[in-house]
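Colleague: Have a look at this one before I ask anything.
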Amino acid sequence: MNNKKGQAVLEMAVFGSIILFIFGVLLSQLQRLNDQQYVQMEAFRRALYHACRDNTGGSGAGSSVQYSMIQNRRYADTSSNFRKGTAQILSAGASVSWAVPEIKKDTEAARLVIVNVNGEEKTFKYRDYIPKDKDRYDKEGKERDIYEVFTIGNTNFWSQLSFQEKSKKKESPAQITTDRWSKAEDAATTQVQYDILRKYKADVNKEDLLKTGDLYNDTQNFTNEHSSVWETAF
Amino acid sequence: MRIKMTKNRKGQSTLETALIFIVLIAFLMGLTNIWIWSNNQIVHRQVEYNNSRVEAGTAIDSYTLKWPVYTPPDLTENEVILR
């Protein structure tokens with residue numbers, strides 16, 4: 001009979017940790033849903049902005065923008081250390097063709113490829129990679145037998161986290177003071193590659209990889225520092 | 001003696017469950033409020049985004065980027081911790 005003392009509390013302690021873990025997963029999922037919607041919207045709106053503003057061909061040229069957006073975020077994690085969180089990478093892409101009523105003869109729409117990694121934007125011109133004489137269509141609009149295309153290739157991520165935590169508890173007959181501090185230093189490296197492919201009119205499935213290179217390859221550092229002090233007085 | 005002990009502990013499990021149940025309900029309601037707050041954000045952001053789409057997608061050279069289109073309200077302590 002003695003063994004059954006506090007059994008319900010003990011059971012709650014066992015299952016409570018499972019319940020808290022489920023709550024944590026639900027909250028993380030909620031945050032991810034919100035952020036994913038945000039990134040998708042932002043990618044499209046920024047693509048639209050650049051397509052309108054960067055009308056480099058001049059009035060009557062229009063422009064076409066392929067926008068890729070990558071964001072590194074750190075989410076709250078109920079099952080890890082104080083404020084450590086877990087790293088998440090969100091990405092979205094959008095393509096916008098800003099067509100003014102008509103494109104002037106002998107004027108070409110600006111074709112831009114923009115990569116945005118954590119707010120750092122890099123703009124590339126499609127024509128720097130695919131010259132006019134290697135494009136799919138010639139000046140008369142006729143499809144070439146052999147042509148080249150530019151595509152966004154592999155995207156690779158590396159992340160290195162340095163996490164420090166200090167916890168101090170000071171007890172006196174009058175009160176307990178708890179002091180917690182944490183610092184997370186994250187070095188996130190992002191590599192966005194491009195591929196130049198040779199394609200054939202006769203066989204749409206056939207393609208040769210001509211060149212691979214980096215559109216973005218850089219390391220960004222993020223630091224999150226938190227501290228909190230609370231006192232329990234008796 | 002044995003009979004007496006049994007009598008004293010009668011309903012102890014129910015009592016403990018009742019206490020824990022209150023805590024659990026408080027957790028669940030707090031979580032529900034966070035869900036409502038977050039879900040509202042998704043809906044309101046989509047509405048604001050759609051409303052500003054025509055302006056953003058109209059061919060004028062003076063277009064300026066307006067981002068973010070929606071700023072969510074703060075989640076207050078009172079909404080999560082039910083008193």
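By order in the structure tokens, chains are A, B, ...; within a chain, residues start at 1; ligands start at 1, following the order shown.
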Output as a tab-separated table one row per residue of chain A within 8 Å of chain B: the closest atom pair and its distance in Å to one decimal place, counting only C-alpha atoms, sorted by chain and residue number ascending.

Modeller:
```
residue	atom	partner	partner_atom	distance
A:Met1	CA	B:Thr6	CA	7.6
A:Gly6	CA	B:Ser13	CA	7.4
A:Gln7	CA	B:Ser13	CA	7.0
A:Ala8	CA	B:Ser13	CA	5.6
A:Val9	CA	B:Glu16	CA	6.3
A:Met12	CA	B:Ile20	CA	7.4
A:Phe23	CA	B:Leu31	CA	7.5
A:Leu27	CA	B:Trp35	CA	8.0
A:Leu30	CA	B:Ser38	CA	7.1
A:Gln31	CA	B:Ser38	CA	7.9
A:Asn34	CA	B:Ile42	CA	6.2
A:Gln37	CA	B:Ile42	CA	7.4
A:Met41	CA	B:Tyr49	CA	7.7
A:Glu42	CA	B:Trp67	CA	7.6
A:Arg45	CA	B:Leu65	CA	7.7
A:Arg46	CA	B:Leu65	CA	7.4
A:Leu48	CA	B:Gly57	CA	7.1
A:Tyr49	CA	B:Leu65	CA	5.9
A:Cys52	CA	B:Asp61	CA	6.7
A:Arg53	CA	B:Asp61	CA	6.7
A:Trp98	CA	B:Ala59	CA	7.7
A:Ala99	CA	B:Ala59	CA	8.0
A:Val100	CA	B:Ala59	CA	6.6
```

Colleague: Quick one: write out the picked residues with C-alpha atoms as a PDB file, in the first residue's frame?

Modeller:
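Listing of result-v5.pdb after writing:
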```pdb
ATOM      1  CA  MET A   1       0.000   0.000   0.000  1.00  0.00           C
ATOM      2  CA  GLY A   6       1.930   9.572  -4.898  1.00  0.00           C
ATOM      3  CA  GLN A   7       1.514   7.181  -7.785  1.00  0.00           C
ATOM      4  CA  ALA A   8      -0.554   9.601  -9.859  1.00  0.00           C
ATOM      5  CA  VAL A   9       2.094  12.329  -9.417  1.00  0.00           C
ATOM      6  CA  MET A  12       2.382  12.462 -14.344  1.00  0.00           C
ATOM      7  CA  PHE A  23       3.916  20.790 -26.740  1.00  0.00           C
ATOM      8  CA  LEU A  27       5.106  25.174 -31.023  1.00  0.00           C
ATOM      9  CA  LEU A  30       3.683  26.573 -35.607  1.00  0.00           C
ATOM     10  CA  GLN A  31       6.740  28.801 -35.886  1.00  0.00           C
ATOM     11  CA  ASN A  34       4.540  31.098 -40.055  1.00  0.00           C
ATOM     12  CA  GLN A  37       4.707  31.647 -45.394  1.00  0.00           C
ATOM     13  CA  MET A  41       5.773  35.976 -49.689  1.00  0.00           C
ATOM     14  CA  GLU A  42       8.966  37.947 -49.225  1.00  0.00           C
ATOM     15  CA  ARG A  45       7.508  40.555 -53.375  1.00  0.00           C
ATOM     16  CA  ARG A  46      11.241  41.236 -53.617  1.00  0.00           C
ATOM     17  CA  LEU A  48       8.508  41.894 -58.116  1.00  0.00           C
ATOM     18  CA  TYR A  49      10.349  44.918 -56.733  1.00  0.00           C
ATOM     19  CA  CYS A  52      10.040  46.751 -61.648  1.00  0.00           C
ATOM     20  CA  ARG A  53      13.017  48.799 -60.481  1.00  0.00           C
ATOM     21  CA  TRP A  98       7.772  42.542 -65.547  1.00  0.00           C
ATOM     22  CA  ALA A  99       6.322  43.236 -68.940  1.00  0.00           C
ATOM     23  CA  VAL A 100       5.680  46.812 -69.898  1.00  0.00           C
TER      24      VAL A 100
END
```

Colleague: Write down as a ChimeraX atom specification the residues of range 4-187 of chain A whose backbone DSSP state falls under alpha helix (DSSP H).

Modeller: /A:7-53,126-129
